[in-house]
>>> print(open('input-v4.csv').read())   # CSV, C-alpha atoms
chain,number,residue,atom,x,y,z
A,70,MET,CA,106.8,104.0,62.6
A,71,SER,CA,104.0,106.6,62.5
A,72,LEU,CA,104.3,110.3,62.0
A,73,PRO,CA,104.0,112.8,64.8
A,74,ILE,CA,100.5,113.9,65.7
A,75,ARG,CA,100.1,117.7,65.5
A,76,TYR,CA,97.5,119.7,67.5
A,77,PRO,CA,96.6,123.1,66.0
A,78,SER,CA,97.0,126.3,67.9
A,79,PRO,CA,94.1,128.8,68.4
A,80,LEU,CA,96.6,131.6,67.8
A,81,ALA,CA,97.1,133.3,64.4
A,82,ALA,CA,100.7,132.1,64.3
A,83,PRO,CA,102.4,129.4,62.2
A,84,LEU,CA,102.8,126.8,65.0
A,85,SER,CA,101.2,123.8,66.6
A,86,LYS,CA,99.9,124.0,70.1
A,87,ALA,CA,101.3,120.6,70.8
A,88,VAL,CA,103.0,117.7,69.0
A,89,ARG,CA,103.0,114.0,70.1
A,90,ALA,CA,106.1,112.1,68.9
A,91,GLY,CA,106.2,108.6,70.3
A,92,ASP,CA,106.0,108.6,74.1
A,93,PHE,CA,106.5,112.4,74.4
A,94,LEU,CA,104.2,115.4,74.1
A,95,PHE,CA,105.9,118.7,73.2
A,96,LEU,CA,104.1,121.9,74.0
A,97,SER,CA,104.8,125.2,72.2
A,98,GLY,CA,106.1,128.0,74.3
A,99,GLN,CA,103.4,129.7,76.4
A,100,THR,CA,103.4,133.4,77.2
A,101,PRO,CA,101.0,135.1,79.7
A,102,LYS,CA,97.6,135.8,78.1
A,103,ASN,CA,94.2,137.2,79.0
A,104,ALA,CA,91.1,135.2,78.1
A,105,ASP,CA,90.9,137.2,74.8
A,106,LEU,CA,94.5,136.1,74.0
A,107,THR,CA,96.0,139.6,74.5
A,108,PRO,CA,99.2,139.8,76.5
A,109,LEU,CA,98.7,139.7,80.3
A,110,ARG,CA,100.5,142.4,82.1
A,111,GLY,CA,101.5,142.3,85.8
A,112,ASP,CA,104.3,141.3,88.0
A,113,ILE,CA,106.4,138.2,87.3
A,114,GLN,CA,104.5,136.0,89.8
A,115,THR,CA,101.2,136.8,88.1
A,116,GLN,CA,102.6,136.2,84.7
A,117,THR,CA,104.3,132.9,85.8
A,118,ARG,CA,101.1,131.6,87.4
A,119,ASN,CA,99.2,132.4,84.2
A,120,VAL,CA,101.7,130.6,82.0
A,121,LEU,CA,101.9,127.5,84.3
A,122,ASP,CA,98.1,127.3,84.6
A,123,ALA,CA,97.8,127.4,80.8
A,124,ILE,CA,100.5,124.6,80.5
A,125,ALA,CA,98.6,122.5,83.1
A,126,ALA,CA,95.4,123.0,81.1
A,127,SER,CA,97.0,122.0,77.8
A,128,LEU,CA,98.5,118.9,79.5
A,129,ALA,CA,95.1,118.0,80.9
A,130,GLU,CA,93.6,118.1,77.4
A,131,HIS,CA,95.9,115.1,76.8
A,132,GLY,CA,95.2,113.3,80.1
A,133,LEU,CA,98.5,114.5,81.7
A,134,GLY,CA,99.5,116.6,84.6
A,135,MET,CA,102.5,118.6,85.7
A,136,GLU,CA,104.0,115.4,87.1
A,137,HIS,CA,104.5,114.2,83.5
A,138,VAL,CA,106.7,117.2,82.6
A,139,VAL,CA,110.3,116.0,82.1
A,140,ARG,CA,111.9,119.1,80.6
A,141,ALA,CA,111.2,122.9,80.7
A,142,THR,CA,112.8,125.7,78.9
A,143,CYS,CA,112.1,129.1,80.4
A,144,TRP,CA,112.8,132.6,79.2
A,145,LEU,CA,112.8,135.7,81.4
A,146,SER,CA,112.8,139.2,80.2
A,147,ASP,CA,115.3,140.1,83.0
A,148,ILE,CA,117.3,137.5,85.0
A,149,LYS,CA,116.5,139.6,88.1
A,150,HIS,CA,113.1,138.0,87.9
A,151,MET,CA,114.7,134.6,88.7
A,152,LYS,CA,113.9,134.5,92.5
A,153,PRO,CA,110.2,135.4,92.3
A,154,PHE,CA,109.8,133.3,89.2
A,155,ASN,CA,111.3,130.3,91.0
A,156,GLU,CA,109.1,130.8,94.0
A,157,VAL,CA,106.0,130.3,91.8
A,158,TYR,CA,107.5,127.8,89.5
A,159,ALA,CA,108.4,125.3,92.3
A,160,THR,CA,104.8,125.2,93.5
A,161,TYR,CA,103.6,123.6,90.3
A,162,PHE,CA,105.9,120.6,90.5
A,163,ILE,CA,105.0,119.0,93.7
A,164,GLU,CA,105.8,115.4,92.4
A,165,GLY,CA,109.3,116.4,91.3
A,166,LEU,CA,111.1,119.1,89.2
A,167,PRO,CA,111.8,118.6,85.5
A,168,VAL,CA,115.2,119.3,84.1
A,169,ARG,CA,115.3,123.0,83.0
A,170,SER,CA,117.1,125.7,81.2
A,171,THR,CA,116.4,129.3,82.0
A,172,VAL,CA,117.8,132.3,80.0
A,173,GLU,CA,117.3,136.0,79.7
A,174,ALA,CA,115.8,137.2,76.4
A,175,LYS,CA,113.7,139.9,74.7
A,176,LEU,CA,110.3,138.3,74.6
A,177,SER,CA,107.4,138.8,72.1
A,178,GLN,CA,104.8,141.4,73.0
A,179,ASP,CA,107.0,142.7,75.9
A,180,VAL,CA,105.9,140.0,78.4
A,181,ASP,CA,108.3,138.9,81.1
A,182,VAL,CA,108.1,135.1,80.9
A,183,GLU,CA,107.7,132.3,78.3
A,184,ILE,CA,107.9,128.6,79.1
A,185,GLU,CA,107.8,125.5,76.9
A,186,VAL,CA,107.7,121.9,78.2
A,187,THR,CA,108.1,118.3,77.1
A,188,ALA,CA,106.0,115.7,78.9
A,189,TRP,CA,106.4,112.0,79.1
A,190,SER,CA,103.2,110.3,77.9
A,191,PRO,CA,103.7,106.7,77.1
A,192,LEU,CA,101.6,105.3,74.3
A,193,ASN,CA,101.6,101.8,76.0
A,194,LYS,CA,100.7,102.4,79.6
A,195,GLY,CA,101.4,98.9,80.8
>>> encode(input="input-v4.csv", output="structure tokens")
Amino acid sequence: MSLPIRYPSPLAAPLSKAVRAGDFLFLSGQTPKNADLTPLRGDIQTQTRNVLDAIAASLAEHGLGMEHVVRATCWLSDIKHMKPFNEVYATYFIEGLPVRSTVEAKLSQDVDVEIEVTAWSPLNKG
């Protein structure tokens, strides 16, 4: 059995951007960011789109798409954001929704959303 493969993060934080373990790719939690990696402000829809676009881009780096996501964990700064968050979230999973947990939490840098995902990425694609 081989060890997990770790992909470094561009952030100055002690974490990996992604880790492959067997047939799964785990992405670290993603918060809304501007191109210069500063926190993106705006309404929950804008922040959610930014986060999900970043997740889609990270998945694409590994030859995957949103249809490969099997699990998502979502944090909202206020549970009152759930309805507009869900409206945006659902548009990213056209092929089917992953299982999901969503909780209210105080988030780093006072953003309103953070999402982490696990994607199915079989090593033997046959």
>>> closest_residue(input="input-v4.csv", among="A:Trp144, A:Phe154, A:Tyr161, A:Trp189", to="A:Ala174", atoms="all atoms listed in the file")
A:Trp144
>>> closest_residue(input="input-v4.csv", among="A:Leu145, A:Leu109, A:Ile184, A:Val168", to="A:Leu121", atoms="all atoms listed in the file")
A:Ile184
>>> axis_aligned_box(input="input-v4.csv", around="stretch 90-108 of chain A", padding_each_side="4 Å", output="lines of an AutoDock Vina configuration file")
center_x = 98.7
center_y = 124.2
center_z = 74.3
size_x = 23.6
size_y = 39.2
size_z = 18.8
>>> residues_around(input="input-v4.csv", residues="A:Asp147", least_positions_apart="2", cutoff="12 Å", atoms="all atoms listed in the file", output="list in words")
Ile113, Cys143, Trp144, Leu145, Lys149, His150, Met151, Lys152, Pro153, Phe154, Thr171, Val172, Glu173, Ala174, Lys175, Leu176, Asp179, Val180, Asp181, Val182 and Glu183 of chain A
>>> atom_distance(input="input-v4.csv", atom1="atom CA of A:Pro167", atom2="atom CA of A:Tyr76")
23.0 Å
>>> residues_around(input="input-v4.csv", residues="A:Phe93", least_positions_apart="2", cutoff="6 Å", atoms="all atoms listed in the file", output="list in words")
Arg89, Ala90, Gly91, Ala188, Trp189 and Ser190 of chain A
>>> atom_distance(input="input-v4.csv", atom1="atom CA of A:His131", atom2="atom CA of A:Pro191")
11.5 Å
>>> residues_around(input="input-v4.csv", residues="A:Thr187", least_positions_apart="2", cutoff="6 Å", atoms="only C-alpha atoms", output="VMD selection string")
chain A and resid 94 to 95 138 to 140
>>> closest_residue(input="input-v4.csv", among="A:Leu128, A:Met135, A:Ile148, A:Leu166", to="A:Leu96", atoms="only C-alpha atoms")
A:Leu128
>>> atom_distance(input="input-v4.csv", atom1="atom CA of A:Ile163", atom2="atom CA of A:Arg75")
28.7 Å
>>> closest_atom_pairs(input="input-v4.csv", of="stretch 122-190 of chain A", to="stretch 77-86 of chain A", cutoff="12 Å", atoms="only C-alpha atoms", output="JSON lines")
{"residue": "A:Ala123", "atom": "CA", "partner": "A:Lys86", "partner_atom": "CA", "distance": 11.4}
{"residue": "A:Ile124", "atom": "CA", "partner": "A:Lys86", "partner_atom": "CA", "distance": 10.4}
{"residue": "A:Ala126", "atom": "CA", "partner": "A:Lys86", "partner_atom": "CA", "distance": 11.9}
{"residue": "A:Ser127", "atom": "CA", "partner": "A:Lys86", "partner_atom": "CA", "distance": 8.5}
{"residue": "A:Leu128", "atom": "CA", "partner": "A:Lys86", "partner_atom": "CA", "distance": 10.8}
{"residue": "A:Glu130", "atom": "CA", "partner": "A:Lys86", "partner_atom": "CA", "distance": 11.3}
{"residue": "A:His131", "atom": "CA", "partner": "A:Lys86", "partner_atom": "CA", "distance": 11.8}
{"residue": "A:Glu185", "atom": "CA", "partner": "A:Lys86", "partner_atom": "CA", "distance": 10.5}
{"residue": "A:Val186", "atom": "CA", "partner": "A:Lys86", "partner_atom": "CA", "distance": 11.4}
>>> residues_around(input="input-v4.csv", residues="A:Lys102", least_positions_apart="2", cutoff="10 Å", atoms="all atoms listed in the file", output="list in words")
Gln99, Thr100, Ala104, Asp105, Leu106, Thr107, Pro108, Leu109, Arg110, Gln116, Asn119, Val120, Ala123 and Val180 of chain A
>>> closest_residue(input="input-v4.csv", among="A:Leu192, A:Val157, A:Ala141, A:Gly132", to="A:Ser170", atoms="only C-alpha atoms")
A:Ala141
>>> closest_residue(input="input-v4.csv", among="A:Gly98, A:Gln178, A:Asn103, A:Leu72", to="A:Ser146", atoms="only C-alpha atoms")
A:Gln178
>>> decode(input="input-v4.csv", residues="stretch 103-135 of chain A", atoms="N, CA, C and O atoms", output="PDB file, in the first residue's frame")
ATOM      1  N   ASN A 103      -9.952  36.816  -3.358  1.00  0.00           N
ATOM      2  CA  ASN A 103      -9.618  37.590  -4.546  1.00  0.00           C
ATOM      3  C   ASN A 103      -8.393  36.961  -5.193  1.00  0.00           C
ATOM      4  O   ASN A 103      -7.751  36.081  -4.603  1.00  0.00           O
ATOM      5  N   ALA A 104      -8.035  37.436  -6.389  1.00  0.00           N
ATOM      6  CA  ALA A 104      -6.872  36.894  -7.103  1.00  0.00           C
ATOM      7  C   ALA A 104      -5.589  37.014  -6.290  1.00  0.00           C
ATOM      8  O   ALA A 104      -4.694  36.168  -6.406  1.00  0.00           O
ATOM      9  N   ASP A 105      -5.492  38.049  -5.438  1.00  0.00           N
ATOM     10  CA  ASP A 105      -4.290  38.219  -4.611  1.00  0.00           C
ATOM     11  C   ASP A 105      -4.367  37.444  -3.294  1.00  0.00           C
ATOM     12  O   ASP A 105      -3.556  37.643  -2.397  1.00  0.00           O
ATOM     13  N   LEU A 106      -5.348  36.550  -3.173  1.00  0.00           N
ATOM     14  CA  LEU A 106      -5.570  35.667  -2.024  1.00  0.00           C
ATOM     15  C   LEU A 106      -6.080  36.388  -0.770  1.00  0.00           C
ATOM     16  O   LEU A 106      -6.132  35.794   0.301  1.00  0.00           O
ATOM     17  N   THR A 107      -6.480  37.641  -0.901  1.00  0.00           N
ATOM     18  CA  THR A 107      -7.131  38.329   0.215  1.00  0.00           C
ATOM     19  C   THR A 107      -8.597  37.907   0.252  1.00  0.00           C
ATOM     20  O   THR A 107      -9.153  37.450  -0.765  1.00  0.00           O
ATOM     21  N   PRO A 108      -9.250  38.029   1.407  1.00  0.00           N
ATOM     22  CA  PRO A 108     -10.650  37.613   1.507  1.00  0.00           C
ATOM     23  C   PRO A 108     -11.560  38.399   0.546  1.00  0.00           C
ATOM     24  O   PRO A 108     -11.432  39.616   0.420  1.00  0.00           O
ATOM     25  N   LEU A 109     -12.423  37.689  -0.128  1.00  0.00           N
ATOM     26  CA  LEU A 109     -13.411  38.299  -1.013  1.00  0.00           C
ATOM     27  C   LEU A 109     -14.635  38.659  -0.188  1.00  0.00           C
ATOM     28  O   LEU A 109     -15.180  37.807   0.525  1.00  0.00           O
ATOM     29  N   ARG A 110     -15.052  39.880  -0.275  1.00  0.00           N
ATOM     30  CA  ARG A 110     -16.264  40.337   0.413  1.00  0.00           C
ATOM     31  C   ARG A 110     -17.412  40.348  -0.588  1.00  0.00           C
ATOM     32  O   ARG A 110     -17.206  40.326  -1.784  1.00  0.00           O
ATOM     33  N   GLY A 111     -18.591  40.430  -0.086  1.00  0.00           N
ATOM     34  CA  GLY A 111     -19.763  40.483  -0.955  1.00  0.00           C
ATOM     35  C   GLY A 111     -20.872  39.643  -0.374  1.00  0.00           C
ATOM     36  O   GLY A 111     -20.730  39.061   0.710  1.00  0.00           O
ATOM     37  N   ASP A 112     -21.963  39.551  -1.104  1.00  0.00           N
ATOM     38  CA  ASP A 112     -23.099  38.778  -0.606  1.00  0.00           C
ATOM     39  C   ASP A 112     -22.788  37.283  -0.645  1.00  0.00           C
ATOM     40  O   ASP A 112     -21.778  36.858  -1.220  1.00  0.00           O
ATOM     41  N   ILE A 113     -23.641  36.505  -0.036  1.00  0.00           N
ATOM     42  CA  ILE A 113     -23.398  35.060   0.075  1.00  0.00           C
ATOM     43  C   ILE A 113     -23.359  34.390  -1.303  1.00  0.00           C
ATOM     44  O   ILE A 113     -22.584  33.459  -1.511  1.00  0.00           O
ATOM     45  N   GLN A 114     -24.154  34.867  -2.246  1.00  0.00           N
ATOM     46  CA  GLN A 114     -24.136  34.271  -3.584  1.00  0.00           C
ATOM     47  C   GLN A 114     -22.776  34.492  -4.252  1.00  0.00           C
ATOM     48  O   GLN A 114     -22.218  33.567  -4.841  1.00  0.00           O
ATOM     49  N   THR A 115     -22.254  35.702  -4.156  1.00  0.00           N
ATOM     50  CA  THR A 115     -20.946  36.012  -4.746  1.00  0.00           C
ATOM     51  C   THR A 115     -19.852  35.178  -4.102  1.00  0.00           C
ATOM     52  O   THR A 115     -19.002  34.602  -4.792  1.00  0.00           O
ATOM     53  N   GLN A 116     -19.864  35.096  -2.771  1.00  0.00           N
ATOM     54  CA  GLN A 116     -18.852  34.308  -2.071  1.00  0.00           C
ATOM     55  C   GLN A 116     -18.974  32.826  -2.409  1.00  0.00           C
ATOM     56  O   GLN A 116     -17.966  32.138  -2.607  1.00  0.00           O
ATOM     57  N   THR A 117     -20.196  32.319  -2.491  1.00  0.00           N
ATOM     58  CA  THR A 117     -20.399  30.899  -2.792  1.00  0.00           C
ATOM     59  C   THR A 117     -19.908  30.569  -4.194  1.00  0.00           C
ATOM     60  O   THR A 117     -19.222  29.555  -4.403  1.00  0.00           O
ATOM     61  N   ARG A 118     -20.231  31.408  -5.184  1.00  0.00           N
ATOM     62  CA  ARG A 118     -19.744  31.178  -6.542  1.00  0.00           C
ATOM     63  C   ARG A 118     -18.220  31.150  -6.581  1.00  0.00           C
ATOM     64  O   ARG A 118     -17.617  30.303  -7.240  1.00  0.00           O
ATOM     65  N   ASN A 119     -17.598  32.093  -5.883  1.00  0.00           N
ATOM     66  CA  ASN A 119     -16.145  32.168  -5.847  1.00  0.00           C
ATOM     67  C   ASN A 119     -15.540  30.880  -5.288  1.00  0.00           C
ATOM     68  O   ASN A 119     -14.587  30.329  -5.855  1.00  0.00           O
ATOM     69  N   VAL A 120     -16.105  30.399  -4.194  1.00  0.00           N
ATOM     70  CA  VAL A 120     -15.600  29.175  -3.562  1.00  0.00           C
ATOM     71  C   VAL A 120     -15.796  27.972  -4.485  1.00  0.00           C
ATOM     72  O   VAL A 120     -14.878  27.174  -4.692  1.00  0.00           O
ATOM     73  N   LEU A 121     -16.984  27.837  -5.064  1.00  0.00           N
ATOM     74  CA  LEU A 121     -17.248  26.679  -5.919  1.00  0.00           C
ATOM     75  C   LEU A 121     -16.449  26.737  -7.219  1.00  0.00           C
ATOM     76  O   LEU A 121     -16.017  25.696  -7.726  1.00  0.00           O
ATOM     77  N   ASP A 122     -16.202  27.934  -7.744  1.00  0.00           N
ATOM     78  CA  ASP A 122     -15.320  28.053  -8.917  1.00  0.00           C
ATOM     79  C   ASP A 122     -13.897  27.619  -8.566  1.00  0.00           C
ATOM     80  O   ASP A 122     -13.231  26.939  -9.358  1.00  0.00           O
ATOM     81  N   ALA A 123     -13.427  27.992  -7.375  1.00  0.00           N
ATOM     82  CA  ALA A 123     -12.086  27.586  -6.937  1.00  0.00           C
ATOM     83  C   ALA A 123     -12.006  26.071  -6.758  1.00  0.00           C
ATOM     84  O   ALA A 123     -11.002  25.446  -7.120  1.00  0.00           O
ATOM     85  N   ILE A 124     -13.063  25.479  -6.208  1.00  0.00           N
ATOM     86  CA  ILE A 124     -13.097  24.018  -6.050  1.00  0.00           C
ATOM     87  C   ILE A 124     -13.082  23.351  -7.417  1.00  0.00           C
ATOM     88  O   ILE A 124     -12.320  22.394  -7.645  1.00  0.00           O
ATOM     89  N   ALA A 125     -13.896  23.844  -8.356  1.00  0.00           N
ATOM     90  CA  ALA A 125     -13.919  23.274  -9.710  1.00  0.00           C
ATOM     91  C   ALA A 125     -12.545  23.370 -10.361  1.00  0.00           C
ATOM     92  O   ALA A 125     -12.095  22.423 -11.022  1.00  0.00           O
ATOM     93  N   ALA A 126     -11.852  24.492 -10.162  1.00  0.00           N
ATOM     94  CA  ALA A 126     -10.507  24.658 -10.734  1.00  0.00           C
ATOM     95  C   ALA A 126      -9.516  23.679 -10.105  1.00  0.00           C
ATOM     96  O   ALA A 126      -8.686  23.089 -10.807  1.00  0.00           O
ATOM     97  N   SER A 127      -9.595  23.483  -8.796  1.00  0.00           N
ATOM     98  CA  SER A 127      -8.704  22.520  -8.126  1.00  0.00           C
ATOM     99  C   SER A 127      -8.971  21.106  -8.611  1.00  0.00           C
ATOM    100  O   SER A 127      -8.039  20.330  -8.853  1.00  0.00           O
ATOM    101  N   LEU A 128     -10.230  20.756  -8.761  1.00  0.00           N
ATOM    102  CA  LEU A 128     -10.573  19.430  -9.277  1.00  0.00           C
ATOM    103  C   LEU A 128     -10.041  19.251 -10.697  1.00  0.00           C
ATOM    104  O   LEU A 128      -9.492  18.197 -11.040  1.00  0.00           O
ATOM    105  N   ALA A 129     -10.174  20.277 -11.520  1.00  0.00           N
ATOM    106  CA  ALA A 129      -9.709  20.208 -12.911  1.00  0.00           C
ATOM    107  C   ALA A 129      -8.204  19.963 -12.989  1.00  0.00           C
ATOM    108  O   ALA A 129      -7.736  19.284 -13.908  1.00  0.00           O
ATOM    109  N   GLU A 130      -7.460  20.488 -12.022  1.00  0.00           N
ATOM    110  CA  GLU A 130      -6.010  20.240 -11.983  1.00  0.00           C
ATOM    111  C   GLU A 130      -5.703  18.745 -11.875  1.00  0.00           C
ATOM    112  O   GLU A 130      -4.606  18.303 -12.211  1.00  0.00           O
ATOM    113  N   HIS A 131      -6.668  17.984 -11.395  1.00  0.00           N
ATOM    114  CA  HIS A 131      -6.501  16.538 -11.217  1.00  0.00           C
ATOM    115  C   HIS A 131      -7.342  15.746 -12.218  1.00  0.00           C
ATOM    116  O   HIS A 131      -7.574  14.550 -12.033  1.00  0.00           O
ATOM    117  N   GLY A 132      -7.827  16.418 -13.251  1.00  0.00           N
ATOM    118  CA  GLY A 132      -8.608  15.757 -14.291  1.00  0.00           C
ATOM    119  C   GLY A 132     -10.019  15.396 -13.852  1.00  0.00           C
ATOM    120  O   GLY A 132     -10.627  14.486 -14.416  1.00  0.00           O
ATOM    121  N   LEU A 133     -10.545  16.102 -12.859  1.00  0.00           N
ATOM    122  CA  LEU A 133     -11.869  15.805 -12.315  1.00  0.00           C
ATOM    123  C   LEU A 133     -12.805  16.986 -12.488  1.00  0.00           C
ATOM    124  O   LEU A 133     -12.369  18.114 -12.742  1.00  0.00           O
ATOM    125  N   GLY A 134     -14.087  16.723 -12.327  1.00  0.00           N
ATOM    126  CA  GLY A 134     -15.096  17.764 -12.378  1.00  0.00           C
ATOM    127  C   GLY A 134     -15.993  17.685 -11.156  1.00  0.00           C
ATOM    128  O   GLY A 134     -15.848  16.795 -10.308  1.00  0.00           O
ATOM    129  N   MET A 135     -16.938  18.577 -11.083  1.00  0.00           N
ATOM    130  CA  MET A 135     -17.859  18.607  -9.945  1.00  0.00           C
ATOM    131  C   MET A 135     -18.683  17.320  -9.844  1.00  0.00           C
ATOM    132  O   MET A 135     -19.111  16.943  -8.766  1.00  0.00           O
TER     133      MET A 135
END
